[in-house]
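Peer 1: Provided herewith: entry29.cif, mmCIF, C-alpha atoms.
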data_final
#
loop_
_atom_site.group_PDB
_atom_site.id
_atom_site.type_symbol
_atom_site.label_atom_id
_atom_site.label_comp_id
_atom_site.auth_asym_id
_atom_site.auth_seq_id
_atom_site.Cartn_x
_atom_site.Cartn_y
_atom_site.Cartn_z
ATOM 1 C CA MET O 15 -15.064 -6.045 -51.401
ATOM 2 C CA ALA O 16 -13.538 -4.385 -48.304
ATOM 3 C CA ARG O 17 -15.985 -4.497 -45.430
ATOM 4 C CA THR O 18 -17.608 -1.277 -44.320
ATOM 5 C CA ILE O 19 -17.024 -0.460 -40.658
ATOM 6 C CA LEU O 20 -19.863 1.317 -38.866
ATOM 7 C CA THR O 21 -19.012 2.637 -35.415
ATOM 8 C CA ASP O 22 -20.731 4.136 -32.424
ATOM 9 C CA ILE O 23 -18.899 6.954 -30.583
ATOM 10 C CA GLU O 24 -19.548 7.166 -26.838
ATOM 11 C CA GLY O 25 -18.012 4.178 -25.027
ATOM 12 C CA THR O 26 -16.705 2.818 -28.329
ATOM 13 C CA THR O 27 -14.255 5.306 -29.802
ATOM 14 C CA SER O 28 -14.201 7.637 -26.825
ATOM 15 C CA PRO O 29 -14.732 7.652 -23.053
ATOM 16 C CA ILE O 30 -18.305 7.742 -21.817
ATOM 17 C CA SER O 31 -17.193 10.326 -19.261
ATOM 18 C CA PHE O 32 -16.547 13.008 -21.907
ATOM 19 C CA VAL O 33 -20.215 13.289 -22.821
ATOM 20 C CA LYS O 34 -21.430 12.980 -19.246
ATOM 21 C CA ASP O 35 -18.826 15.143 -17.527
ATOM 22 C CA VAL O 36 -17.986 17.721 -20.213
ATOM 23 C CA LEU O 37 -20.502 18.018 -23.073
ATOM 24 C CA PHE O 38 -23.780 17.608 -21.176
ATOM 25 C CA PRO O 39 -22.876 20.061 -18.364
ATOM 26 C CA TYR O 40 -21.681 22.587 -20.950
ATOM 27 C CA ALA O 41 -24.932 22.310 -22.917
ATOM 28 C CA ARG O 42 -27.051 22.551 -19.788
ATOM 29 C CA ARG O 43 -25.199 25.610 -18.517
ATOM 30 C CA GLU O 44 -25.191 27.447 -21.840
ATOM 31 C CA MET O 45 -28.649 26.522 -23.150
ATOM 32 C CA PRO O 46 -30.600 29.520 -21.754
ATOM 33 C CA ARG O 47 -28.024 31.957 -23.188
ATOM 34 C CA PHE O 48 -27.979 30.101 -26.507
ATOM 35 C CA VAL O 49 -31.779 30.161 -26.832
ATOM 36 C CA ARG O 50 -31.889 33.854 -25.890
ATOM 37 C CA VAL O 51 -29.080 34.942 -28.261
ATOM 38 C CA ARG O 52 -29.621 32.556 -31.184
ATOM 39 C CA GLY O 53 -33.369 31.985 -30.930
ATOM 40 C CA HIS O 54 -34.122 34.064 -34.028
ATOM 41 C CA ASP O 55 -31.726 32.128 -36.289
ATOM 42 C CA PRO O 56 -33.916 30.095 -38.685
ATOM 43 C CA GLU O 57 -32.172 26.770 -38.007
ATOM 44 C CA VAL O 58 -32.334 27.269 -34.240
ATOM 45 C CA ARG O 59 -35.949 28.485 -34.421
ATOM 46 C CA ARG O 60 -36.950 25.378 -36.356
ATOM 47 C CA TRP O 61 -35.918 23.111 -33.484
ATOM 48 C CA LEU O 62 -37.248 25.395 -30.746
ATOM 49 C CA ASP O 63 -40.639 25.422 -32.470
ATOM 50 C CA GLU O 64 -40.576 21.627 -32.651
ATOM 51 C CA VAL O 65 -40.034 21.495 -28.893
ATOM 52 C CA ALA O 66 -42.858 24.001 -28.366
ATOM 53 C CA THR O 67 -45.201 21.903 -30.517
ATOM 54 C CA GLY O 68 -44.393 18.872 -28.392
ATOM 55 C CA LEU O 69 -45.261 20.883 -25.298
ATOM 56 C CA GLY O 70 -48.692 21.656 -26.705
ATOM 57 C CA GLY O 71 -48.303 24.916 -28.604
ATOM 58 C CA VAL O 72 -46.861 28.393 -28.222
ATOM 59 C CA CYS O 73 -44.341 28.630 -25.366
ATOM 60 C CA GLN O 74 -42.024 31.311 -24.094
ATOM 61 C CA ASP O 75 -38.404 30.648 -25.041
ATOM 62 C CA GLY O 76 -37.494 30.601 -21.357
ATOM 63 C CA MET O 77 -39.836 27.649 -20.830
ATOM 64 C CA ILE O 78 -38.381 25.900 -23.877
ATOM 65 C CA ALA O 79 -34.867 26.371 -22.515
ATOM 66 C CA GLU O 80 -35.907 24.933 -19.148
ATOM 67 C CA THR O 81 -37.515 21.971 -20.906
ATOM 68 C CA LEU O 82 -34.312 21.349 -22.852
ATOM 69 C CA GLN O 83 -32.298 21.476 -19.636
ATOM 70 C CA GLY O 84 -34.643 18.905 -18.134
ATOM 71 C CA TRP O 85 -34.200 16.662 -21.161
ATOM 72 C CA ILE O 86 -30.424 16.928 -20.771
ATOM 73 C CA ASP O 87 -30.773 15.834 -17.139
ATOM 74 C CA GLN O 88 -32.831 12.837 -18.316
ATOM 75 C CA ASP O 89 -30.401 12.065 -21.178
ATOM 76 C CA LEU O 90 -33.453 12.073 -23.435
ATOM 77 C CA LYS O 91 -32.705 10.987 -27.015
ATOM 78 C CA HIS O 92 -34.789 13.695 -28.665
ATOM 79 C CA THR O 93 -33.790 14.785 -32.168
ATOM 80 C CA ALA O 94 -34.444 18.497 -31.483
ATOM 81 C CA LEU O 95 -32.343 18.411 -28.338
ATOM 82 C CA LYS O 96 -29.532 16.643 -30.172
ATOM 83 C CA ALA O 97 -29.599 19.230 -32.957
ATOM 84 C CA LEU O 98 -29.510 22.170 -30.554
ATOM 85 C CA GLN O 99 -26.793 20.576 -28.447
ATOM 86 C CA GLY O 100 -24.766 20.054 -31.602
ATOM 87 C CA MET O 101 -24.979 23.768 -32.438
ATOM 88 C CA LEU O 102 -24.067 24.687 -28.880
ATOM 89 C CA TRP O 103 -21.102 22.316 -28.836
ATOM 90 C CA ALA O 104 -19.953 23.809 -32.153
ATOM 91 C CA GLU O 105 -19.470 27.082 -30.314
ATOM 92 C CA GLY O 106 -17.522 25.319 -27.586
ATOM 93 C CA TYR O 107 -15.239 23.550 -30.028
ATOM 94 C CA ARG O 108 -14.636 26.737 -32.032
ATOM 95 C CA ASN O 109 -13.875 28.664 -28.850
ATOM 96 C CA GLY O 110 -11.431 25.995 -27.705
ATOM 97 C CA ASP O 111 -13.439 25.294 -24.546
ATOM 98 C CA PHE O 112 -12.765 21.548 -25.008
ATOM 99 C CA ARG O 113 -11.421 18.964 -27.455
ATOM 100 C CA ALA O 114 -12.865 15.511 -28.087
ATOM 101 C CA PRO O 115 -10.875 12.634 -26.572
ATOM 102 C CA VAL O 116 -10.417 9.609 -28.857
ATOM 103 C CA TYR O 117 -8.726 6.441 -27.639
ATOM 104 C CA PRO O 118 -5.230 6.012 -29.193
ATOM 105 C CA ASP O 119 -6.080 2.495 -30.425
ATOM 106 C CA VAL O 120 -9.069 3.972 -32.291
ATOM 107 C CA VAL O 121 -6.914 6.552 -34.051
ATOM 108 C CA ARG O 122 -4.411 3.880 -35.139
ATOM 109 C CA LYS O 123 -7.016 1.467 -36.433
ATOM 110 C CA LEU O 124 -9.241 4.018 -38.157
ATOM 111 C CA GLN O 125 -6.223 5.320 -40.055
ATOM 112 C CA ALA O 126 -5.098 1.785 -40.910
ATOM 113 C CA TRP O 127 -8.568 0.642 -42.032
ATOM 114 C CA HIS O 128 -8.993 3.751 -44.158
ATOM 115 C CA ALA O 129 -5.615 3.126 -45.784
ATOM 116 C CA GLN O 130 -6.642 -0.485 -46.461
ATOM 117 C CA GLY O 131 -9.753 0.666 -48.303
ATOM 118 C CA HIS O 132 -12.398 -0.055 -45.662
ATOM 119 C CA PRO O 133 -15.216 2.530 -45.900
ATOM 120 C CA LEU O 134 -15.824 4.023 -42.461
ATOM 121 C CA ALA O 135 -19.149 5.348 -41.167
ATOM 122 C CA VAL O 136 -20.571 6.605 -37.883
ATOM 123 C CA TYR O 137 -23.949 5.834 -36.276
ATOM 124 C CA SER O 138 -24.492 7.679 -33.004
ATOM 125 C CA SER O 139 -27.419 9.099 -31.059
ATOM 126 C CA GLY O 140 -25.736 12.510 -31.281
ATOM 127 C CA SER O 141 -26.701 14.587 -34.312
ATOM 128 C CA VAL O 142 -24.636 14.281 -37.482
ATOM 129 C CA PRO O 143 -23.256 17.831 -37.096
ATOM 130 C CA SER O 144 -22.125 17.023 -33.543
ATOM 131 C CA GLN O 145 -20.487 13.814 -34.768
ATOM 132 C CA VAL O 146 -18.542 15.725 -37.422
ATOM 133 C CA LEU O 147 -17.525 18.328 -34.845
ATOM 134 C CA PHE O 148 -16.368 15.608 -32.483
ATOM 135 C CA PHE O 149 -13.998 14.000 -34.967
ATOM 136 C CA THR O 150 -12.928 17.325 -36.486
ATOM 137 C CA HIS O 151 -11.857 18.673 -33.098
ATOM 138 C CA SER O 152 -10.383 15.496 -31.598
ATOM 139 C CA ASP O 153 -7.305 15.495 -29.412
ATOM 140 C CA ALA O 154 -5.590 13.556 -32.236
ATOM 141 C CA GLY O 155 -6.379 16.217 -34.828
ATOM 142 C CA ASP O 156 -8.986 16.259 -37.583
ATOM 143 C CA LEU O 157 -10.172 12.668 -38.112
ATOM 144 C CA SER O 158 -13.367 13.556 -40.000
ATOM 145 C CA PRO O 159 -11.885 12.945 -43.506
ATOM 146 C CA LEU O 160 -11.537 9.255 -42.597
ATOM 147 C CA PHE O 161 -15.346 8.837 -42.647
ATOM 148 C CA SER O 162 -17.525 8.651 -45.722
ATOM 149 C CA ALA O 163 -20.982 8.554 -44.069
ATOM 150 C CA TRP O 164 -22.701 9.728 -40.896
ATOM 151 C CA PHE O 165 -26.006 8.576 -39.344
ATOM 152 C CA ASP O 166 -28.000 9.724 -36.316
ATOM 153 C CA THR O 167 -31.437 9.087 -34.816
ATOM 154 C CA GLU O 168 -33.163 10.699 -37.810
ATOM 155 C CA THR O 169 -32.295 7.369 -39.463
ATOM 156 C CA GLY O 170 -34.147 5.561 -36.672
ATOM 157 C CA GLY O 171 -33.640 4.244 -33.151
ATOM 158 C CA LYS O 172 -30.354 2.518 -32.442
ATOM 159 C CA ARG O 173 -32.121 -0.479 -30.896
ATOM 160 C CA GLU O 174 -34.327 -1.103 -33.944
ATOM 161 C CA ALA O 175 -33.238 -3.554 -36.635
ATOM 162 C CA GLU O 176 -34.887 -1.509 -39.380
ATOM 163 C CA SER O 177 -32.506 1.382 -38.651
ATOM 164 C CA TYR O 178 -29.544 -0.803 -39.558
ATOM 165 C CA ALA O 179 -31.301 -2.170 -42.641
ATOM 166 C CA ARG O 180 -31.935 1.437 -43.683
ATOM 167 C CA ILE O 181 -28.256 2.311 -43.177
ATOM 168 C CA ALA O 182 -27.198 -0.647 -45.328
ATOM 169 C CA ARG O 183 -29.510 0.514 -48.092
ATOM 170 C CA ARG O 184 -28.175 4.055 -47.917
ATOM 171 C CA LEU O 185 -24.616 2.775 -48.029
ATOM 172 C CA ASP O 186 -25.618 0.485 -50.896
ATOM 173 C CA VAL O 187 -23.831 -2.372 -49.152
ATOM 174 C CA PRO O 188 -25.254 -5.779 -48.157
ATOM 175 C CA PRO O 189 -25.702 -5.899 -44.361
ATOM 176 C CA ALA O 190 -23.360 -8.896 -44.155
ATOM 177 C CA GLN O 191 -20.584 -6.668 -45.532
ATOM 178 C CA ILE O 192 -20.961 -4.215 -42.625
ATOM 179 C CA LEU O 193 -19.238 -4.583 -39.251
ATOM 180 C CA PHE O 194 -20.948 -2.610 -36.481
ATOM 181 C CA LEU O 195 -18.948 -1.621 -33.389
ATOM 182 C CA SER O 196 -20.699 -0.543 -30.180
ATOM 183 C CA ASP O 197 -20.519 -0.803 -26.405
ATOM 184 C CA VAL O 198 -24.288 -1.389 -26.112
ATOM 185 C CA VAL O 199 -25.475 -4.985 -26.444
ATOM 186 C CA ALA O 200 -29.052 -3.999 -27.389
ATOM 187 C CA GLU O 201 -27.732 -1.964 -30.333
ATOM 188 C CA LEU O 202 -25.582 -4.863 -31.453
ATOM 189 C CA ASP O 203 -28.595 -7.182 -31.192
ATOM 190 C CA ALA O 204 -30.557 -4.915 -33.551
ATOM 191 C CA ALA O 205 -27.663 -4.713 -36.026
ATOM 192 C CA ARG O 206 -27.286 -8.497 -35.955
ATOM 193 C CA ASP O 207 -31.011 -8.920 -36.565
ATOM 194 C CA ALA O 208 -30.566 -6.771 -39.672
ATOM 195 C CA GLY O 209 -27.804 -9.086 -40.894
ATOM 196 C CA MET O 210 -24.704 -7.148 -39.867
ATOM 197 C CA ASP O 211 -21.616 -8.546 -38.190
ATOM 198 C CA THR O 212 -21.009 -7.108 -34.724
ATOM 199 C CA VAL O 213 -18.313 -6.473 -32.137
ATOM 200 C CA LEU O 214 -18.893 -5.470 -28.517
ATOM 201 C CA LEU O 215 -16.436 -2.901 -27.150
ATOM 202 C CA ASP O 216 -15.992 -3.665 -23.465
ATOM 203 C CA ARG O 217 -13.369 -1.169 -22.390
ATOM 204 C CA PRO O 218 -12.215 -1.465 -18.746
ATOM 205 C CA GLN O 219 -12.092 2.347 -18.595
ATOM 206 C CA ASP O 220 -15.825 2.504 -19.302
ATOM 207 C CA TYR O 221 -16.994 -0.871 -17.962
ATOM 208 C CA PRO O 222 -14.922 -1.891 -14.899
ATOM 209 C CA GLN O 223 -17.051 -5.043 -14.578
ATOM 210 C CA SER O 224 -16.316 -7.071 -17.696
ATOM 211 C CA ARG O 225 -19.257 -8.260 -19.770
ATOM 212 C CA THR O 226 -18.311 -11.787 -20.635
ATOM 213 C CA GLY O 227 -20.289 -14.945 -21.322
ATOM 214 C CA GLU O 228 -24.032 -14.353 -21.509
ATOM 215 C CA ALA O 229 -23.547 -10.649 -20.741
ATOM 216 C CA ALA O 230 -21.897 -10.210 -24.156
ATOM 217 C CA GLY O 231 -25.094 -11.379 -25.851
ATOM 218 C CA GLY O 232 -23.263 -13.713 -28.214
ATOM 219 C CA HIS O 233 -21.288 -10.865 -29.801
ATOM 220 C CA ARG O 234 -17.540 -10.878 -30.262
ATOM 221 C CA ARG O 235 -16.092 -9.023 -27.283
ATOM 222 C CA VAL O 236 -12.930 -6.897 -27.368
ATOM 223 C CA GLU O 237 -11.343 -4.332 -25.079
ATOM 224 C CA SER O 238 -9.749 -2.245 -27.844
ATOM 225 C CA PHE O 239 -9.834 -1.649 -31.578
ATOM 226 C CA ASP O 240 -6.419 -3.334 -31.775
ATOM 227 C CA GLU O 241 -8.190 -6.690 -31.309
ATOM 228 C CA ILE O 242 -10.536 -6.202 -34.265
ATOM 229 C CA THR O 243 -9.907 -7.751 -37.651
ATOM 230 C CA PRO O 244 -12.583 -6.606 -40.127
#
Please rewrite the model in this file as structure tokens.
Peer 2:
Amino acid sequence: MARTILTDIEGTTSPISFVKDVLFPYARREMPRFVRVRGHDPEVRRWLDEVATGLGGVCQDGMIAETLQGWIDQDLKHTALKALQGMLWAEGYRNGDFRAPVYPDVVRKLQAWHAQGHPLAVYSSGSVPSQVLFFTHSDAGDLSPLFSAWFDTETGGKREAESYARIARRLDVPPAQILFLSDVVAELDAARDAGMDTVLLDRPQDYPQSRTGEAAGGHRRVESFDEITP
């Protein structure tokens, strides 16, 4: 059986700076307009109402938008925020305001692994729609057909072993047959606790101070996908 490869996005397939310097500022800047213009769309309203409920009840949309902007500033991993950001970024991608940067070594290896029969899946804190948008509108073209499954925080927290066990069950693959790639040691720890194999991406572009020895947490450490053999 060809091993399934489960990958994170930010800091793993793509520069951390893209989210921090491009996507987050775009979402923060455009959120009030988005809430005002799209607030009556049922899918948008669903998530705005969830935010309002968390704030204690009925809120003006302006207050909800301000709350969402604050959550962006905090980099809060809230499912409603992720969903709304994903819809906002969809507009940006469609309008050509930006394209998603993917490391060249990632493009090469994803294409090679797919050709070799390795199922590919994504697990990121960004919503599934935003993940699909990211790989659809990459600077290397549409990479989304390479992936057969997508997972976000609705599956569970990325630092919780049960989330990875749940992913294995949904993929119908034994955890030992899954290789998880991430730049975050705590996520890799959780995946390992669930029985998955792990690789730490320690890219100099994202982590100028190498994480070697104890800092790698006992995980295989690489600086590029070219060093990974599934």
Peer 1: Give me, as number ranges by chain, all polymer residues having an atom no more than 8 Å from Ala230 of chain O, counting only C-alpha atoms and skipping those fewer than 4 positions away in the same chain.
Peer 2: O: 199, 214, 225-226, 234-235
Peer 1: Taking 5 positions as the minimum chain separation for residues in the same chain, which residues sit within 12 Å of Ala114 of chain O when counting all atoms listed in the file? Answer as a ChimeraX atom specification.
Peer 2: /O:23-24,27-33,36-37,103-104,106-107,144-157
Peer 1: Hey, can you spit out that residue selection with C-alpha atoms as a PDB file, in the frame of the given file?
Peer 2:
ATOM      1  CA  ILE O  23     -18.899   6.954 -30.583  1.00  0.00           C
ATOM      2  CA  GLU O  24     -19.548   7.166 -26.838  1.00  0.00           C
ATOM      3  CA  THR O  27     -14.255   5.306 -29.802  1.00  0.00           C
ATOM      4  CA  SER O  28     -14.201   7.637 -26.825  1.00  0.00           C
ATOM      5  CA  PRO O  29     -14.732   7.652 -23.053  1.00  0.00           C
ATOM      6  CA  ILE O  30     -18.305   7.742 -21.817  1.00  0.00           C
ATOM      7  CA  SER O  31     -17.193  10.326 -19.261  1.00  0.00           C
ATOM      8  CA  PHE O  32     -16.547  13.008 -21.907  1.00  0.00           C
ATOM      9  CA  VAL O  33     -20.215  13.289 -22.821  1.00  0.00           C
ATOM     10  CA  VAL O  36     -17.986  17.721 -20.213  1.00  0.00           C
ATOM     11  CA  LEU O  37     -20.502  18.018 -23.073  1.00  0.00           C
ATOM     12  CA  TRP O 103     -21.102  22.316 -28.836  1.00  0.00           C
ATOM     13  CA  ALA O 104     -19.953  23.809 -32.153  1.00  0.00           C
ATOM     14  CA  GLY O 106     -17.522  25.319 -27.586  1.00  0.00           C
ATOM     15  CA  TYR O 107     -15.239  23.550 -30.028  1.00  0.00           C
ATOM     16  CA  SER O 144     -22.125  17.023 -33.543  1.00  0.00           C
ATOM     17  CA  GLN O 145     -20.487  13.814 -34.768  1.00  0.00           C
ATOM     18  CA  VAL O 146     -18.542  15.725 -37.422  1.00  0.00           C
ATOM     19  CA  LEU O 147     -17.525  18.328 -34.845  1.00  0.00           C
ATOM     20  CA  PHE O 148     -16.368  15.608 -32.483  1.00  0.00           C
ATOM     21  CA  PHE O 149     -13.998  14.000 -34.967  1.00  0.00           C
ATOM     22  CA  THR O 150     -12.928  17.325 -36.486  1.00  0.00           C
ATOM     23  CA  HIS O 151     -11.857  18.673 -33.098  1.00  0.00           C
ATOM     24  CA  SER O 152     -10.383  15.496 -31.598  1.00  0.00           C
ATOM     25  CA  ASP O 153      -7.305  15.495 -29.412  1.00  0.00           C
ATOM     26  CA  ALA O 154      -5.590  13.556 -32.236  1.00  0.00           C
ATOM     27  CA  GLY O 155      -6.379  16.217 -34.828  1.00  0.00           C
ATOM     28  CA  ASP O 156      -8.986  16.259 -37.583  1.00  0.00           C
ATOM     29  CA  LEU O 157     -10.172  12.668 -38.112  1.00  0.00           C
TER      30      LEU O 157
END
Peer 1: Return as a VMD selection string the set of residues that the PyMOL selection byres ((chain O and resi 38) around 12) yields on the displayed structure.
Peer 2: chain O and resid 30 to 37 39 to 45 82 to 90 95 to 96 98 to 100 102 to 103 106 140
Peer 1: If I take atom CA of Met15 of chain O and atom CA of Leu160 of chain O, how far is one from the other in Å, to one decimal?
Peer 2: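 Going from atom CA of Met15 of chain O over to atom CA of Leu160 of chain O, I get 18.0 Å.
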Peer 1: I want to know what sits within 10 Å of Gly171 of chain O, based on only C-alpha atoms, with residues of the same chain fewer than 4 positions away left out; could you give that as a list in words?
Peer 2: Lys91, Ser138, Ser139, Asp166, Thr167, Ala175, Glu176, Ser177, Tyr178, Glu201 and Ala204 of chain O
Peer 1: Quick one: everything within 10 Å of Leu124 of chain O, counting only C-alpha atoms, minus sequence neighbours fewer than 4 positions away in the same chain. Send it as number ranges by chain.
Peer 2: O: 19, 27, 119-120, 128-130, 132-134, 157, 160-161, 239
Peer 1: Which residues would end up in the selection if the PyMOL selection byres ((chain O and resi 243) around 12) were applied here, given that I need the answer as a PyMOL selection string?
Peer 2: chain O and resi 16-17+19+123-124+126-127+130+132+193+195+211-213+234+236+238-242+244
Peer 1: Which centre and which edge lengths, in Å to one decimal, describe the axis-aligned box that holds all listed atoms of segment 144-147 of chain O after 6 Å is added on each side, as AutoDock Vina command-line options?
Peer 2:
--center_x -19.8 --center_y 16.1 --center_z -35.5 --size_x 16.6 --size_y 16.5 --size_z 15.9
Peer 1: Using the chain letters and numbers from this file, what does the PyMOL selection byres ((chain O and resi 58) around 12) select? Give the answer as a PDB file with C-alpha atoms, in the coordinates of the input.
Peer 2:
ATOM      1  CA  MET O  45     -28.649  26.522 -23.150  1.00  0.00           C
ATOM      2  CA  PHE O  48     -27.979  30.101 -26.507  1.00  0.00           C
ATOM      3  CA  VAL O  49     -31.779  30.161 -26.832  1.00  0.00           C
ATOM      4  CA  ARG O  50     -31.889  33.854 -25.890  1.00  0.00           C
ATOM      5  CA  VAL O  51     -29.080  34.942 -28.261  1.00  0.00           C
ATOM      6  CA  ARG O  52     -29.621  32.556 -31.184  1.00  0.00           C
ATOM      7  CA  GLY O  53     -33.369  31.985 -30.930  1.00  0.00           C
ATOM      8  CA  HIS O  54     -34.122  34.064 -34.028  1.00  0.00           C
ATOM      9  CA  ASP O  55     -31.726  32.128 -36.289  1.00  0.00           C
ATOM     10  CA  PRO O  56     -33.916  30.095 -38.685  1.00  0.00           C
ATOM     11  CA  GLU O  57     -32.172  26.770 -38.007  1.00  0.00           C
ATOM     12  CA  ARG O  59     -35.949  28.485 -34.421  1.00  0.00           C
ATOM     13  CA  ARG O  60     -36.950  25.378 -36.356  1.00  0.00           C
ATOM     14  CA  TRP O  61     -35.918  23.111 -33.484  1.00  0.00           C
ATOM     15  CA  LEU O  62     -37.248  25.395 -30.746  1.00  0.00           C
ATOM     16  CA  ASP O  63     -40.639  25.422 -32.470  1.00  0.00           C
ATOM     17  CA  GLU O  64     -40.576  21.627 -32.651  1.00  0.00           C
ATOM     18  CA  VAL O  65     -40.034  21.495 -28.893  1.00  0.00           C
ATOM     19  CA  ASP O  75     -38.404  30.648 -25.041  1.00  0.00           C
ATOM     20  CA  ALA O  94     -34.444  18.497 -31.483  1.00  0.00           C
ATOM     21  CA  LEU O  95     -32.343  18.411 -28.338  1.00  0.00           C
ATOM     22  CA  LYS O  96     -29.532  16.643 -30.172  1.00  0.00           C
ATOM     23  CA  ALA O  97     -29.599  19.230 -32.957  1.00  0.00           C
ATOM     24  CA  LEU O  98     -29.510  22.170 -30.554  1.00  0.00           C
ATOM     25  CA  GLN O  99     -26.793  20.576 -28.447  1.00  0.00           C
ATOM     26  CA  GLY O 100     -24.766  20.054 -31.602  1.00  0.00           C
ATOM     27  CA  MET O 101     -24.979  23.768 -32.438  1.00  0.00           C
ATOM     28  CA  LEU O 102     -24.067  24.687 -28.880  1.00  0.00           C
TER      29      LEU O 102
END
Peer 1: Quote the spacing between atom CA of Ala205 of chain O and atom CA of Gln223 of chain O in Å to one decimal place.
Peer 2: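 So the two atoms, atom CA of Ala205 of chain O and atom CA of Gln223 of chain O, lie 23.9 Å apart.
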Peer 1: Name the closest residue to Ser158 of chain O among the candidates O:Ala135, O:Ile78, O:Leu202, O:Met210; distances are taken between atoms, counting only C-alpha atoms.
Peer 2: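 Nearest candidate to Ser158 of chain O out of O:Ala135, O:Ile78, O:Leu202, O:Met210: O:Ala135.
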Peer 1: Grab the atom CA of Gln219 of chain O to atom CA of Asp22 of chain O distance for me, in Å with one decimal place.
Peer 2: 16.4 Å
